[in-house]
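Peer 1: Quick one: the structure is below, and I'll ask about it shortly.
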Amino acid sequence: MNRSDEILKRYLQVTQHMSHHFRRHFGKLNLTFPQAMVLSALGTDGPVPISTLAQRTGSANSTISGIVDRLERLGLAVRERSDTDRRVIYVSATERYLQLRSQAQTNAGGYFSSLMDTLEEEEQEKILAGLELLDAALAKDEP
C-alpha cells in the first residue's frame, strides 16, 4: 500500500471513530453530532444569525438551515426574522435546550477536549500539525 493510500485509510478510520464517539455521547441526549455542534455554536448568546452559525461550524447556510429545522421540531431552537432586514434570520436557544444543557454536557468542543486530554501535549501538537498539513493540501485543490 502506498503512502497516500495509508493516509486516506487512516483518515477514514479516524473520522469513523470520531463519528462513533460523538454519536454515542450525543445520542444519549437524542441529538445528532451536527445538531449538537449548532447548539454549541449557538450557546446562550441570544439570537444569532444563521450565517454566523454557519461560520462558527464551518458549514453552509443551507446545511445550518436544515439542522435548525430539526432543532425547531425538537423544541430546542426558534427562528425569528430581523425587524430591520427581513432577509436575516436569527436563531435562539429555547428554555428546553437551556435545561438540557444544564443537565448534560452538550458542548461538542468540550466533549472533544475531554477526549484529547487523554493525550500528552506533544502528541496533541503532532496531531494538530498533521491536520494543518492535510488541510493546506486539500485547500490548494479548491477552486
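Ligands are numbered from 1 in the order shown, residues from 1 within each chain, and chains are lettered A, B, ... in the order they appear in the C-alpha cells.
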Would you pick out the contacts of Leu31 of chain A at 12 Å or less, using only C-alpha atoms, so that residues sharing its chain but fewer than 3 positions from it are not included, and give the list as a ChimeraX atom specification?
Peer 2: /A:22-28,34-40,67,70-71,74-76,97,100-101,104-108
Peer 1: Output N, CA and C atoms for every residue in that selection, as a PDB file, in the first residue's frame.
Peer 2:
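Output below, filename part-v9.pdb:
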```
ATOM      1  N   PHE A  22     -18.963  10.544  19.023  1.00  0.00           N
ATOM      2  CA  PHE A  22     -19.925  11.637  19.120  1.00  0.00           C
ATOM      3  C   PHE A  22     -21.358  11.119  19.074  1.00  0.00           C
ATOM      4  N   ARG A  23     -21.627  10.134  18.213  1.00  0.00           N
ATOM      5  CA  ARG A  23     -22.976   9.555  18.160  1.00  0.00           C
ATOM      6  C   ARG A  23     -23.351   8.932  19.498  1.00  0.00           C
ATOM      7  N   ARG A  24     -22.406   8.212  20.096  1.00  0.00           N
ATOM      8  CA  ARG A  24     -22.670   7.570  21.381  1.00  0.00           C
ATOM      9  C   ARG A  24     -22.947   8.621  22.461  1.00  0.00           C
ATOM     10  N   HIS A  25     -22.132   9.676  22.493  1.00  0.00           N
ATOM     11  CA  HIS A  25     -22.293  10.714  23.515  1.00  0.00           C
ATOM     12  C   HIS A  25     -23.582  11.515  23.316  1.00  0.00           C
ATOM     13  N   PHE A  26     -23.781  12.038  22.122  1.00  0.00           N
ATOM     14  CA  PHE A  26     -24.925  12.911  21.887  1.00  0.00           C
ATOM     15  C   PHE A  26     -26.215  12.140  21.669  1.00  0.00           C
ATOM     16  N   GLY A  27     -26.093  10.859  21.311  1.00  0.00           N
ATOM     17  CA  GLY A  27     -27.278  10.021  21.171  1.00  0.00           C
ATOM     18  C   GLY A  27     -28.013   9.878  22.495  1.00  0.00           C
ATOM     19  N   LYS A  28     -27.270   9.916  23.599  1.00  0.00           N
ATOM     20  CA  LYS A  28     -27.897   9.860  24.922  1.00  0.00           C
ATOM     21  C   LYS A  28     -28.834  11.045  25.133  1.00  0.00           C
ATOM     22  N   PRO A  34     -24.201  16.932  14.300  1.00  0.00           N
ATOM     23  CA  PRO A  34     -24.404  18.263  13.713  1.00  0.00           C
ATOM     24  C   PRO A  34     -25.357  19.137  14.544  1.00  0.00           C
ATOM     25  N   GLN A  35     -26.392  18.532  15.111  1.00  0.00           N
ATOM     26  CA  GLN A  35     -27.305  19.306  15.956  1.00  0.00           C
ATOM     27  C   GLN A  35     -26.580  19.821  17.195  1.00  0.00           C
ATOM     28  N   ALA A  36     -25.772  18.967  17.801  1.00  0.00           N
ATOM     29  CA  ALA A  36     -25.016  19.377  18.983  1.00  0.00           C
ATOM     30  C   ALA A  36     -24.028  20.489  18.638  1.00  0.00           C
ATOM     31  N   MET A  37     -23.398  20.379  17.452  1.00  0.00           N
ATOM     32  CA  MET A  37     -22.466  21.429  17.022  1.00  0.00           C
ATOM     33  C   MET A  37     -23.173  22.775  16.883  1.00  0.00           C
ATOM     34  N   VAL A  38     -24.338  22.768  16.255  1.00  0.00           N
ATOM     35  CA  VAL A  38     -25.080  24.019  16.062  1.00  0.00           C
ATOM     36  C   VAL A  38     -25.510  24.579  17.416  1.00  0.00           C
ATOM     37  N   LEU A  39     -26.010  23.725  18.299  1.00  0.00           N
ATOM     38  CA  LEU A  39     -26.419  24.195  19.620  1.00  0.00           C
ATOM     39  C   LEU A  39     -25.231  24.730  20.408  1.00  0.00           C
ATOM     40  N   SER A  40     -24.080  24.073  20.285  1.00  0.00           N
ATOM     41  CA  SER A  40     -22.884  24.571  20.963  1.00  0.00           C
ATOM     42  C   SER A  40     -22.456  25.919  20.401  1.00  0.00           C
ATOM     43  N   ILE A  67     -30.566  21.881   9.721  1.00  0.00           N
ATOM     44  CA  ILE A  67     -30.353  21.443  11.100  1.00  0.00           C
ATOM     45  C   ILE A  67     -31.262  22.223  12.040  1.00  0.00           C
ATOM     46  N   ARG A  70     -34.729  20.867  12.175  1.00  0.00           N
ATOM     47  CA  ARG A  70     -34.881  19.721  13.069  1.00  0.00           C
ATOM     48  C   ARG A  70     -34.838  20.143  14.535  1.00  0.00           C
ATOM     49  N   LEU A  71     -33.995  21.119  14.857  1.00  0.00           N
ATOM     50  CA  LEU A  71     -33.924  21.601  16.241  1.00  0.00           C
ATOM     51  C   LEU A  71     -35.223  22.288  16.654  1.00  0.00           C
ATOM     52  N   LEU A  74     -37.670  19.676  17.541  1.00  0.00           N
ATOM     53  CA  LEU A  74     -37.356  19.104  18.844  1.00  0.00           C
ATOM     54  C   LEU A  74     -37.640  20.082  19.987  1.00  0.00           C
ATOM     55  N   GLY A  75     -37.989  21.323  19.627  1.00  0.00           N
ATOM     56  CA  GLY A  75     -38.274  22.340  20.645  1.00  0.00           C
ATOM     57  C   GLY A  75     -37.022  22.906  21.297  1.00  0.00           C
ATOM     58  N   LEU A  76     -35.876  22.813  20.596  1.00  0.00           N
ATOM     59  CA  LEU A  76     -34.610  23.268  21.169  1.00  0.00           C
ATOM     60  C   LEU A  76     -34.142  24.614  20.628  1.00  0.00           C
ATOM     61  N   TYR A  97     -33.806  23.750  25.641  1.00  0.00           N
ATOM     62  CA  TYR A  97     -32.391  23.487  25.379  1.00  0.00           C
ATOM     63  C   TYR A  97     -31.535  23.912  26.566  1.00  0.00           C
ATOM     64  N   LEU A 100     -31.664  21.280  29.076  1.00  0.00           N
ATOM     65  CA  LEU A 100     -30.895  20.121  28.621  1.00  0.00           C
ATOM     66  C   LEU A 100     -29.409  20.383  28.797  1.00  0.00           C
ATOM     67  N   ARG A 101     -28.994  21.567  28.429  1.00  0.00           N
ATOM     68  CA  ARG A 101     -27.583  21.946  28.529  1.00  0.00           C
ATOM     69  C   ARG A 101     -27.103  21.891  29.972  1.00  0.00           C
ATOM     70  N   ALA A 104     -26.733  18.054  31.066  1.00  0.00           N
ATOM     71  CA  ALA A 104     -25.725  17.189  30.443  1.00  0.00           C
ATOM     72  C   ALA A 104     -24.766  18.019  29.622  1.00  0.00           C
ATOM     73  N   GLN A 105     -23.591  17.473  29.427  1.00  0.00           N
ATOM     74  CA  GLN A 105     -22.591  18.165  28.621  1.00  0.00           C
ATOM     75  C   GLN A 105     -22.993  18.075  27.158  1.00  0.00           C
ATOM     76  N   THR A 106     -23.486  19.188  26.601  1.00  0.00           N
ATOM     77  CA  THR A 106     -23.893  19.180  25.199  1.00  0.00           C
ATOM     78  C   THR A 106     -22.913  19.956  24.334  1.00  0.00           C
ATOM     79  N   ASN A 107     -21.828  20.408  24.923  1.00  0.00           N
ATOM     80  CA  ASN A 107     -20.859  21.190  24.185  1.00  0.00           C
ATOM     81  C   ASN A 107     -19.926  20.246  23.424  1.00  0.00           C
ATOM     82  N   ALA A 108     -20.025  20.255  22.097  1.00  0.00           N
ATOM     83  CA  ALA A 108     -19.217  19.346  21.282  1.00  0.00           C
ATOM     84  C   ALA A 108     -17.730  19.603  21.472  1.00  0.00           C
TER      85      ALA A 108
END
```
Peer 1: Compile the contact shell of Arg79 of chain A as a list in words: residues with an atom at most 9 Å away, counting only C-alpha atoms, same-chain residues fewer than 3 positions apart removed.
Peer 2: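 Close residues of Arg79 of chain A: Pro47, Val68, Glu72, Ile89, Tyr90, Val91 and Ser92 of chain A.
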Peer 1: Take the residues that were just selected and, keeping N, CA, C and O atoms, output them as a compact mmCIF listing (two decimals), in the first residue's frame.
Peer 2:
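And here is the file that came out, selection-v3.txt:
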```
# COMPACT_ATOMS: atom_id res chain seq x y z
N PRO A 47 -30.13 35.64 20.25
CA PRO A 47 -30.36 35.45 18.81
C PRO A 47 -29.07 35.61 18.01
O PRO A 47 -28.33 36.57 18.18
N VAL A 68 -31.39 23.53 11.80
CA VAL A 68 -32.26 24.36 12.64
C VAL A 68 -33.72 23.90 12.49
O VAL A 68 -34.47 23.89 13.48
N GLU A 72 -35.86 22.97 15.70
CA GLU A 72 -37.16 23.58 16.00
C GLU A 72 -38.20 22.50 16.29
O GLU A 72 -38.98 22.63 17.24
N ILE A 89 -32.26 35.92 9.25
CA ILE A 89 -32.99 35.06 10.17
C ILE A 89 -32.10 34.80 11.38
O ILE A 89 -30.95 34.40 11.23
N TYR A 90 -32.65 35.04 12.55
CA TYR A 90 -31.93 34.79 13.79
C TYR A 90 -32.41 33.48 14.41
O TYR A 90 -33.57 33.11 14.27
N VAL A 91 -31.50 32.82 15.11
CA VAL A 91 -31.83 31.58 15.81
C VAL A 91 -31.50 31.78 17.28
O VAL A 91 -30.47 32.34 17.63
N SER A 92 -32.40 31.32 18.13
CA SER A 92 -32.20 31.38 19.57
C SER A 92 -32.44 30.00 20.17
O SER A 92 -33.24 29.22 19.67
```
Peer 1: Compile the contact shell of Arg56 of chain A as a PDB file with N, CA, C and O atoms, in the first residue's frame: residues with an atom at most 12 Å away, counting only C-alpha atoms, same-chain residues fewer than 5 positions apart removed.
Peer 2:
```pdb
ATOM      1  N   MET A  37     -23.398  20.379  17.452  1.00  0.00           N
ATOM      2  CA  MET A  37     -22.466  21.429  17.022  1.00  0.00           C
ATOM      3  C   MET A  37     -23.173  22.775  16.883  1.00  0.00           C
ATOM      4  O   MET A  37     -22.664  23.800  17.331  1.00  0.00           O
ATOM      5  N   VAL A  38     -24.338  22.768  16.255  1.00  0.00           N
ATOM      6  CA  VAL A  38     -25.080  24.019  16.062  1.00  0.00           C
ATOM      7  C   VAL A  38     -25.510  24.579  17.416  1.00  0.00           C
ATOM      8  O   VAL A  38     -25.370  25.776  17.680  1.00  0.00           O
ATOM      9  N   LEU A  39     -26.010  23.725  18.299  1.00  0.00           N
ATOM     10  CA  LEU A  39     -26.419  24.195  19.620  1.00  0.00           C
ATOM     11  C   LEU A  39     -25.231  24.730  20.408  1.00  0.00           C
ATOM     12  O   LEU A  39     -25.345  25.741  21.103  1.00  0.00           O
ATOM     13  N   SER A  40     -24.080  24.073  20.285  1.00  0.00           N
ATOM     14  CA  SER A  40     -22.884  24.571  20.963  1.00  0.00           C
ATOM     15  C   SER A  40     -22.456  25.919  20.401  1.00  0.00           C
ATOM     16  O   SER A  40     -22.071  26.816  21.145  1.00  0.00           O
ATOM     17  N   ALA A  41     -22.532  26.058  19.079  1.00  0.00           N
ATOM     18  CA  ALA A  41     -22.177  27.328  18.445  1.00  0.00           C
ATOM     19  C   ALA A  41     -23.169  28.418  18.826  1.00  0.00           C
ATOM     20  O   ALA A  41     -22.808  29.579  18.984  1.00  0.00           O
ATOM     21  N   LEU A  42     -24.420  28.029  18.992  1.00  0.00           N
ATOM     22  CA  LEU A  42     -25.454  28.982  19.394  1.00  0.00           C
ATOM     23  C   LEU A  42     -25.249  29.389  20.843  1.00  0.00           C
ATOM     24  O   LEU A  42     -25.311  30.567  21.187  1.00  0.00           O
ATOM     25  N   GLY A  43     -24.982  28.403  21.683  1.00  0.00           N
ATOM     26  CA  GLY A  43     -24.748  28.675  23.091  1.00  0.00           C
ATOM     27  C   GLY A  43     -25.887  29.430  23.722  1.00  0.00           C
ATOM     28  O   GLY A  43     -27.051  29.200  23.414  1.00  0.00           O
ATOM     29  N   VAL A  48     -28.807  34.606  17.156  1.00  0.00           N
ATOM     30  CA  VAL A  48     -27.605  34.593  16.319  1.00  0.00           C
ATOM     31  C   VAL A  48     -28.047  34.367  14.876  1.00  0.00           C
ATOM     32  O   VAL A  48     -28.847  33.464  14.611  1.00  0.00           O
ATOM     33  N   PRO A  49     -27.539  35.162  13.928  1.00  0.00           N
ATOM     34  CA  PRO A  49     -27.904  34.939  12.525  1.00  0.00           C
ATOM     35  C   PRO A  49     -27.450  33.562  12.043  1.00  0.00           C
ATOM     36  O   PRO A  49     -26.411  33.051  12.470  1.00  0.00           O
ATOM     37  N   ILE A  50     -28.227  32.974  11.145  1.00  0.00           N
ATOM     38  CA  ILE A  50     -27.868  31.673  10.570  1.00  0.00           C
ATOM     39  C   ILE A  50     -26.481  31.742   9.936  1.00  0.00           C
ATOM     40  O   ILE A  50     -25.696  30.803  10.063  1.00  0.00           O
ATOM     41  N   SER A  51     -26.161  32.850   9.298  1.00  0.00           N
ATOM     42  CA  SER A  51     -24.839  32.973   8.658  1.00  0.00           C
ATOM     43  C   SER A  51     -23.715  32.895   9.694  1.00  0.00           C
ATOM     44  O   SER A  51     -22.655  32.337   9.420  1.00  0.00           O
ATOM     45  N   ASN A  61     -24.846  27.837   4.830  1.00  0.00           N
ATOM     46  CA  ASN A  61     -26.109  28.353   5.378  1.00  0.00           C
ATOM     47  C   ASN A  61     -27.244  27.352   5.189  1.00  0.00           C
ATOM     48  O   ASN A  61     -28.060  27.155   6.085  1.00  0.00           O
ATOM     49  N   ILE A  64     -27.048  24.563   7.739  1.00  0.00           N
ATOM     50  CA  ILE A  64     -27.470  25.044   9.062  1.00  0.00           C
ATOM     51  C   ILE A  64     -28.978  25.199   9.101  1.00  0.00           C
ATOM     52  O   ILE A  64     -29.626  24.846  10.086  1.00  0.00           O
ATOM     53  N   GLY A 109     -17.345  20.870  21.540  1.00  0.00           N
ATOM     54  CA  GLY A 109     -15.935  21.198  21.753  1.00  0.00           C
ATOM     55  C   GLY A 109     -15.446  20.709  23.101  1.00  0.00           C
ATOM     56  O   GLY A 109     -14.337  20.190  23.227  1.00  0.00           O
TER      57      GLY A 109
END
```
Peer 1: As a PyMOL selection string, which residues of chain A does DSSP assign to helix (DSSP H, G or I)?
Peer 2: chain A and resi 3-27+33-42+50-57+61-73+95-103+108-116+121-140
Peer 1: Using only C-alpha atoms for the distances, tell me which of A:Arg10, A:Arg81, A:His21, A:Arg96 is nearest to Ser114 of chain A.
Peer 2: A:His21
Peer 1: Can you list, as a ChimeraX atom specification, every residue of segment 5-137 of chain A that DSSP puts in strand (DSSP E)?
Peer 2: /A:48-49,77-81,89-93
Peer 1: May I have the selected residues written with all heavy atoms, as a short mmCIF file (atom, residue, chain, number, x, y, z; two decimals), in the first residue's frame?
Peer 2:
```cif
data_model
loop_
_atom_site.label_atom_id
_atom_site.label_comp_id
_atom_site.auth_asym_id
_atom_site.auth_seq_id
_atom_site.Cartn_x
_atom_site.Cartn_y
_atom_site.Cartn_z
N VAL A 48 -28.81 34.61 17.16
CA VAL A 48 -27.61 34.59 16.32
C VAL A 48 -28.05 34.37 14.88
O VAL A 48 -28.85 33.46 14.61
CB VAL A 48 -26.65 33.45 16.76
CG1 VAL A 48 -25.45 33.36 15.85
CG2 VAL A 48 -26.22 33.65 18.20
N PRO A 49 -27.54 35.16 13.93
CA PRO A 49 -27.90 34.94 12.52
C PRO A 49 -27.45 33.56 12.04
O PRO A 49 -26.41 33.05 12.47
CB PRO A 49 -27.15 36.04 11.77
CG PRO A 49 -26.80 37.06 12.79
CD PRO A 49 -26.66 36.32 14.09
N ALA A 77 -34.73 25.05 19.52
CA ALA A 77 -34.34 26.33 18.92
C ALA A 77 -35.57 26.97 18.27
O ALA A 77 -36.53 26.28 17.92
CB ALA A 77 -33.25 26.12 17.87
N VAL A 78 -35.51 28.29 18.13
CA VAL A 78 -36.56 29.03 17.43
C VAL A 78 -35.90 30.03 16.48
O VAL A 78 -34.81 30.51 16.73
CB VAL A 78 -37.52 29.79 18.39
CG1 VAL A 78 -38.33 28.82 19.21
CG2 VAL A 78 -36.75 30.74 19.28
N ARG A 79 -36.60 30.29 15.38
CA ARG A 79 -36.15 31.29 14.40
C ARG A 79 -36.99 32.54 14.54
O ARG A 79 -38.17 32.46 14.84
CB ARG A 79 -36.34 30.80 12.98
CG ARG A 79 -35.52 29.68 12.57
CD ARG A 79 -35.95 29.31 11.16
NE ARG A 79 -35.73 27.93 10.97
CZ ARG A 79 -35.09 27.41 9.93
NH1 ARG A 79 -34.67 28.19 8.98
NH2 ARG A 79 -34.91 26.13 9.84
N GLU A 80 -36.37 33.66 14.20
CA GLU A 80 -37.11 34.91 14.12
C GLU A 80 -36.45 35.80 13.06
O GLU A 80 -35.24 35.82 12.94
CB GLU A 80 -37.17 35.60 15.49
CG GLU A 80 -35.86 35.64 16.23
CD GLU A 80 -36.02 36.03 17.68
OE1 GLU A 80 -35.99 37.25 17.95
OE2 GLU A 80 -36.16 35.13 18.51
N ARG A 81 -37.28 36.47 12.28
CA ARG A 81 -36.77 37.38 11.25
C ARG A 81 -36.33 38.68 11.89
O ARG A 81 -36.92 39.15 12.86
CB ARG A 81 -37.85 37.68 10.22
CG ARG A 81 -38.07 36.55 9.27
CD ARG A 81 -38.62 37.06 7.95
NE ARG A 81 -38.87 35.95 7.07
CZ ARG A 81 -37.96 35.44 6.25
NH1 ARG A 81 -36.76 35.93 6.20
NH2 ARG A 81 -38.26 34.42 5.47
N ILE A 89 -32.26 35.92 9.25
CA ILE A 89 -32.99 35.06 10.17
C ILE A 89 -32.10 34.80 11.38
O ILE A 89 -30.95 34.40 11.23
CB ILE A 89 -33.34 33.70 9.51
CG1 ILE A 89 -34.03 33.93 8.20
CG2 ILE A 89 -34.06 32.80 10.49
CD1 ILE A 89 -35.45 33.60 8.08
N TYR A 90 -32.65 35.04 12.55
CA TYR A 90 -31.93 34.79 13.79
C TYR A 90 -32.41 33.48 14.41
O TYR A 90 -33.57 33.11 14.27
CB TYR A 90 -32.17 35.93 14.79
CG TYR A 90 -31.49 37.21 14.42
CD1 TYR A 90 -32.17 38.20 13.73
CD2 TYR A 90 -30.16 37.43 14.76
CE1 TYR A 90 -31.54 39.39 13.38
CE2 TYR A 90 -29.53 38.62 14.41
CZ TYR A 90 -30.23 39.60 13.72
OH TYR A 90 -29.61 40.77 13.38
N VAL A 91 -31.50 32.82 15.11
CA VAL A 91 -31.83 31.58 15.81
C VAL A 91 -31.50 31.78 17.28
O VAL A 91 -30.47 32.34 17.63
CB VAL A 91 -31.01 30.39 15.26
CG1 VAL A 91 -31.37 29.10 15.99
CG2 VAL A 91 -31.23 30.24 13.76
N SER A 92 -32.40 31.32 18.13
CA SER A 92 -32.20 31.38 19.57
C SER A 92 -32.44 30.00 20.17
O SER A 92 -33.24 29.22 19.67
CB SER A 92 -33.20 32.35 20.22
OG SER A 92 -33.05 33.63 19.73
N ALA A 93 -31.74 29.75 21.28
CA ALA A 93 -31.99 28.53 22.03
C ALA A 93 -33.27 28.70 22.84
O ALA A 93 -33.59 29.81 23.28
CB ALA A 93 -30.82 28.24 22.97
#
```
Peer 1: Tell me which of A:Ser113, A:Glu6, A:Asp45, A:Leu128 sits closest to Thr94 of chain A, counting only C-alpha atoms.
Peer 2: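 The answer is A:Asp45, which sits nearest to Thr94 of chain A.
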